[in-house]
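As provided, target-v1.pdb (PDB, C-alpha atoms, pLDDT in the B column) reads as follows.
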MODEL        1
ATOM      1  CA  MET A   1      13.832 -80.861 -65.739  1.00 87.00           C
ATOM      2  CA  GLU A   2      11.827 -83.239 -67.920  1.00 92.00           C
ATOM      3  CA  GLY A   3       8.821 -80.908 -68.166  1.00 96.00           C
ATOM      4  CA  ILE A   4       5.387 -80.443 -66.681  1.00 98.00           C
ATOM      5  CA  ILE A   5       3.116 -83.478 -66.529  1.00 98.00           C
ATOM      6  CA  THR A   6      -0.473 -83.555 -65.249  1.00 98.00           C
ATOM      7  CA  LEU A   7      -1.919 -86.609 -63.529  1.00 98.00           C
ATOM      8  CA  CYS A   8      -5.468 -87.532 -64.592  1.00 98.00           C
ATOM      9  CA  GLY A   9      -7.679 -90.358 -63.397  1.00 96.00           C
ATOM     10  CA  SER A  10     -10.396 -91.395 -61.020  1.00 94.00           C
ATOM     11  CA  THR A  11      -9.874 -89.999 -57.542  1.00 90.00           C
ATOM     12  CA  LYS A  12     -10.665 -93.439 -56.167  1.00 91.00           C
ATOM     13  CA  PHE A  13      -7.065 -94.276 -57.150  1.00 95.00           C
ATOM     14  CA  LYS A  14      -5.495 -92.021 -54.497  1.00 93.00           C
ATOM     15  CA  LYS A  15      -2.713 -94.519 -53.761  1.00 94.00           C
ATOM     16  CA  GLU A  16      -1.756 -94.626 -57.444  1.00 96.00           C
ATOM     17  CA  PHE A  17      -1.863 -90.815 -57.697  1.00 96.00           C
ATOM     18  CA  ASN A  18       0.588 -90.597 -54.785  1.00 95.00           C
ATOM     19  CA  GLU A  19       2.813 -93.285 -56.297  1.00 96.00           C
ATOM     20  CA  CYS A  20       2.941 -91.575 -59.695  1.00 97.00           C
ATOM     21  CA  ASN A  21       3.504 -88.150 -58.151  1.00 97.00           C
ATOM     22  CA  TYR A  22       6.401 -89.500 -56.081  1.00 97.00           C
ATOM     23  CA  TYR A  23       8.226 -91.361 -58.861  1.00 97.00           C
ATOM     24  CA  LEU A  24       7.663 -88.718 -61.534  1.00 97.00           C
ATOM     25  CA  THR A  25       8.876 -85.977 -59.175  1.00 97.00           C
ATOM     26  CA  LEU A  26      12.026 -87.971 -58.378  1.00 95.00           C
ATOM     27  CA  SER A  27      12.496 -88.417 -62.141  1.00 96.00           C
ATOM     28  CA  ASP A  28      12.697 -84.628 -62.530  1.00 96.00           C
ATOM     29  CA  TYR A  29       9.146 -83.852 -63.696  1.00 97.00           C
ATOM     30  CA  ILE A  30       7.046 -80.989 -62.385  1.00 98.00           C
ATOM     31  CA  VAL A  31       3.882 -82.884 -61.455  1.00 98.00           C
ATOM     32  CA  LEU A  32       0.440 -81.280 -61.416  1.00 98.00           C
ATOM     33  CA  SER A  33      -2.344 -83.293 -59.842  1.00 97.00           C
ATOM     34  CA  VAL A  34      -5.972 -83.179 -58.789  1.00 92.00           C
ATOM     35  CA  GLY A  35      -7.096 -80.663 -56.173  1.00 83.00           C
ATOM     36  CA  SER A  36      -9.117 -83.185 -54.178  1.00 82.00           C
ATOM     37  CA  PHE A  37      -9.948 -86.873 -53.870  1.00 81.00           C
ATOM     38  CA  LEU A  38     -13.750 -87.016 -53.887  1.00 76.00           C
ATOM     39  CA  HIS A  39     -13.988 -90.795 -54.245  1.00 68.00           C
ATOM     40  CA  SER A  40     -11.312 -91.474 -51.614  1.00 68.00           C
ATOM     41  CA  ASP A  41     -12.295 -88.961 -48.946  1.00 66.00           C
ATOM     42  CA  SER A  42     -14.461 -90.276 -46.117  1.00 70.00           C
ATOM     43  CA  ASP A  43     -15.334 -86.906 -44.520  1.00 77.00           C
ATOM     44  CA  PRO A  44     -18.898 -86.009 -45.613  1.00 81.00           C
ATOM     45  CA  GLU A  45     -18.321 -82.265 -45.142  1.00 85.00           C
ATOM     46  CA  ILE A  46     -15.271 -82.334 -47.408  1.00 79.00           C
ATOM     47  CA  LYS A  47     -17.151 -84.402 -50.004  1.00 79.00           C
ATOM     48  CA  GLU A  48     -19.979 -81.862 -49.952  1.00 86.00           C
ATOM     49  CA  GLU A  49     -17.529 -78.994 -50.559  1.00 85.00           C
ATOM     50  CA  ILE A  50     -15.826 -80.865 -53.388  1.00 83.00           C
ATOM     51  CA  ILE A  51     -19.180 -81.552 -55.068  1.00 85.00           C
ATOM     52  CA  LYS A  52     -20.177 -77.914 -54.648  1.00 90.00           C
ATOM     53  CA  HIS A  53     -16.998 -76.809 -56.465  1.00 88.00           C
ATOM     54  CA  LYS A  54     -16.800 -79.630 -59.043  1.00 87.00           C
ATOM     55  CA  ASP A  55     -17.178 -77.377 -62.100  1.00 91.00           C
ATOM     56  CA  GLN A  56     -14.422 -75.080 -60.837  1.00 92.00           C
ATOM     57  CA  LEU A  57     -12.129 -78.012 -60.031  1.00 90.00           C
ATOM     58  CA  ASP A  58     -12.756 -79.577 -63.469  1.00 91.00           C
ATOM     59  CA  ARG A  59     -11.987 -76.265 -65.220  1.00 95.00           C
ATOM     60  CA  LEU A  60      -8.789 -75.758 -63.222  1.00 95.00           C
ATOM     61  CA  HIS A  61      -7.642 -79.299 -63.974  1.00 95.00           C
ATOM     62  CA  LYS A  62      -8.047 -78.690 -67.711  1.00 97.00           C
ATOM     63  CA  GLU A  63      -6.030 -75.496 -67.313  1.00 98.00           C
ATOM     64  CA  LYS A  64      -3.285 -77.607 -65.730  1.00 98.00           C
ATOM     65  CA  ILE A  65      -3.405 -79.811 -68.823  1.00 98.00           C
ATOM     66  CA  ASP A  66      -3.146 -76.687 -71.005  1.00 98.00           C
ATOM     67  CA  ILE A  67       0.262 -75.805 -69.525  1.00 98.00           C
ATOM     68  CA  SER A  68       1.621 -79.365 -69.522  1.00 98.00           C
ATOM     69  CA  ARG A  69       3.982 -81.120 -71.904  1.00 97.00           C
ATOM     70  CA  ALA A  70       2.206 -84.398 -71.178  1.00 98.00           C
ATOM     71  CA  VAL A  71      -0.609 -86.019 -69.221  1.00 98.00           C
ATOM     72  CA  PHE A  72      -0.357 -89.238 -67.279  1.00 98.00           C
ATOM     73  CA  ILE A  73      -3.632 -91.172 -67.224  1.00 98.00           C
ATOM     74  CA  ILE A  74      -3.991 -93.240 -64.062  1.00 98.00           C
ATOM     75  CA  ASP A  75      -6.214 -95.944 -65.517  1.00 97.00           C
ATOM     76  CA  LYS A  76      -5.769 -98.739 -63.018  1.00 96.00           C
ATOM     77  CA  ASP A  77      -7.092-101.985 -64.519  1.00 95.00           C
ATOM     78  CA  GLY A  78      -7.912 -99.980 -67.673  1.00 95.00           C
ATOM     79  CA  TYR A  79     -10.619 -97.914 -65.934  1.00 96.00           C
ATOM     80  CA  ILE A  80     -11.320 -94.485 -67.452  1.00 97.00           C
ATOM     81  CA  GLY A  81     -14.388 -92.703 -66.083  1.00 94.00           C
ATOM     82  CA  GLU A  82     -16.375 -89.833 -67.567  1.00 94.00           C
ATOM     83  CA  SER A  83     -14.262 -87.008 -66.077  1.00 92.00           C
ATOM     84  CA  THR A  84     -11.005 -88.679 -67.044  1.00 95.00           C
ATOM     85  CA  ARG A  85     -12.347 -89.285 -70.559  1.00 97.00           C
ATOM     86  CA  SER A  86     -13.116 -85.555 -70.813  1.00 96.00           C
ATOM     87  CA  GLU A  87      -9.567 -84.687 -69.696  1.00 96.00           C
ATOM     88  CA  LEU A  88      -8.093 -87.220 -72.104  1.00 97.00           C
ATOM     89  CA  ASP A  89     -10.139 -85.790 -74.992  1.00 97.00           C
ATOM     90  CA  HIS A  90      -8.972 -82.291 -74.015  1.00 97.00           C
ATOM     91  CA  ALA A  91      -5.316 -83.395 -74.114  1.00 98.00           C
ATOM     92  CA  LEU A  92      -5.847 -85.121 -77.469  1.00 98.00           C
ATOM     93  CA  ARG A  93      -7.363 -81.942 -78.958  1.00 97.00           C
ATOM     94  CA  LEU A  94      -4.294 -80.019 -77.783  1.00 97.00           C
ATOM     95  CA  GLY A  95      -1.881 -82.615 -79.175  1.00 98.00           C
ATOM     96  CA  ILE A  96      -0.313 -83.201 -75.762  1.00 96.00           C
ATOM     97  CA  GLN A  97       1.656 -86.401 -75.215  1.00 97.00           C
ATOM     98  CA  ILE A  98      -0.287 -89.036 -73.268  1.00 98.00           C
ATOM     99  CA  PHE A  99       1.046 -91.770 -71.002  1.00 98.00           C
ATOM    100  CA  TYR A 100      -0.951 -94.549 -69.337  1.00 98.00           C
ATOM    101  CA  TYR A 101      -0.552 -96.262 -65.982  1.00 97.00           C
ATOM    102  CA  SER A 102      -2.044 -99.510 -67.335  1.00 97.00           C
ATOM    103  CA  MET A 103       0.489 -99.598 -70.180  1.00 96.00           C
ATOM    104  CA  GLY A 104       3.496 -99.521 -67.830  1.00 95.00           C
ATOM    105  CA  ASP A 105       4.450 -95.971 -68.813  1.00 96.00           C
ATOM    106  CA  LEU A 106       5.443 -95.085 -65.243  1.00 97.00           C
ATOM    107  CA  GLN A 107       8.329 -97.559 -65.506  1.00 95.00           C
ATOM    108  CA  ARG A 108       9.324 -96.101 -68.895  1.00 94.00           C
ATOM    109  CA  LEU A 109       9.335 -92.508 -67.610  1.00 95.00           C
ATOM    110  CA  CYS A 110      11.096 -93.188 -64.300  1.00 95.00           C
ATOM    111  CA  PRO A 111      14.660 -94.529 -64.516  1.00 90.00           C
ATOM    112  CA  MET A 112      14.552 -95.868 -60.937  1.00 88.00           C
ATOM    113  CA  LEU A 113      11.675 -98.182 -61.886  1.00 90.00           C
ATOM    114  CA  ARG A 114      13.046 -99.566 -65.144  1.00 76.00           C
ATOM    115  CA  ASN A 115      14.573-102.650 -63.548  1.00 69.00           C
ATOM    116  CA  LYS A 116      11.522-103.393 -61.411  1.00 63.00           C
ATOM    117  CA  CYS A 117       8.717-105.601 -62.694  1.00 52.00           C
ATOM    118  CA  CYS A 118       6.084-103.481 -60.978  1.00 50.00           C
ATOM    119  CA  THR A 119       5.617-100.628 -58.512  1.00 46.00           C
TER     120      THR A 119
ENDMDL
END

Final structure tokens representation of the file:
Amino acid sequence: MEGIITLCGSTKFKKEFNECNYYLTLSDYIVLSVGSFLHSDSDPEIKEEIIKHKDQLDRLHKEKIDISRAVFIIDKDGYIGESTRSELDHALRLGIQIFYYSMGDLQRLCPMLRNKCCT
């Protein structure tokens, strides 16, 4: 096992979250991820519930970071929103290793991707 890694990023990048979860899991990481995809979900009732529990979900996500060896920032096209910035700052305060989607770190962490130009 490579260790525990938490995925962080805008929930509008659901496809990228799934991609990172898949490849990191197959590369022997325990992957922790977001509890919901507010910006990707089209069901208004689900969105309402997510918004109602946002503080709880944010707190739990930071607790996932607390138990991780590393965080993987899904910053497609370099985008880091307010929530992701808060999670990144939290990881920096803890001295946790940080990897970035936009920097090609997925290919560096996942042996099966090292010979591919992109995912």

| task | May I have the protein, DNA and RNA residues with an atom at most 7 Å from (3.1, -80.6, -66.0), counting only C-alpha atoms in the file's coordinates, returned as a PyMOL selection string? | result | chain A and resi 3-6+30-32+67-70

What's around A:Ile98 at 12 Å? Count only C-alpha atoms, leave out sequence neighbours fewer than 4 positions away in its own chain, and write the answer as a list in words.
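Close residues of A:Ile98: Ile5, Thr6, Leu7, Cys8, Ile65, Ser68, Arg69, Ala70, Val71, Phe72, Ile73, Ile74, Asp75, Glu87, Leu88, Asp89, His90, Ala91, Leu92, Arg93, Leu94, Met103, Asp105, Leu106 and Leu109 of chain A.
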
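Proximity ranking of A:Leu113, A:Met1, A:Leu60, A:Ile96 relative to A:Asp28 places A:Met1 first, based on only C-alpha atoms.
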
The distance between atom CA of A:Ser102 and atom CA of A:Gly78 is 5.9 Å

What does the distance between atom CA of A:Tyr29 and atom CA of A:Leu57 come to in Å, to one decimal place?
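A separation of 22.4 Å between them.
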
*Between A:Pro44, A:Gly35, A:Gly81, A:Pro111, single out the one closest to A:Asp58, counting all atoms listed in the file.*
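Among A:Pro44, A:Gly35, A:Gly81, A:Pro111, it is A:Gly35 that comes nearest to A:Asp58.
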
Atom CA of A:Glu16 sits from atom CA of A:Lys76 at a separation of 8.0 Å
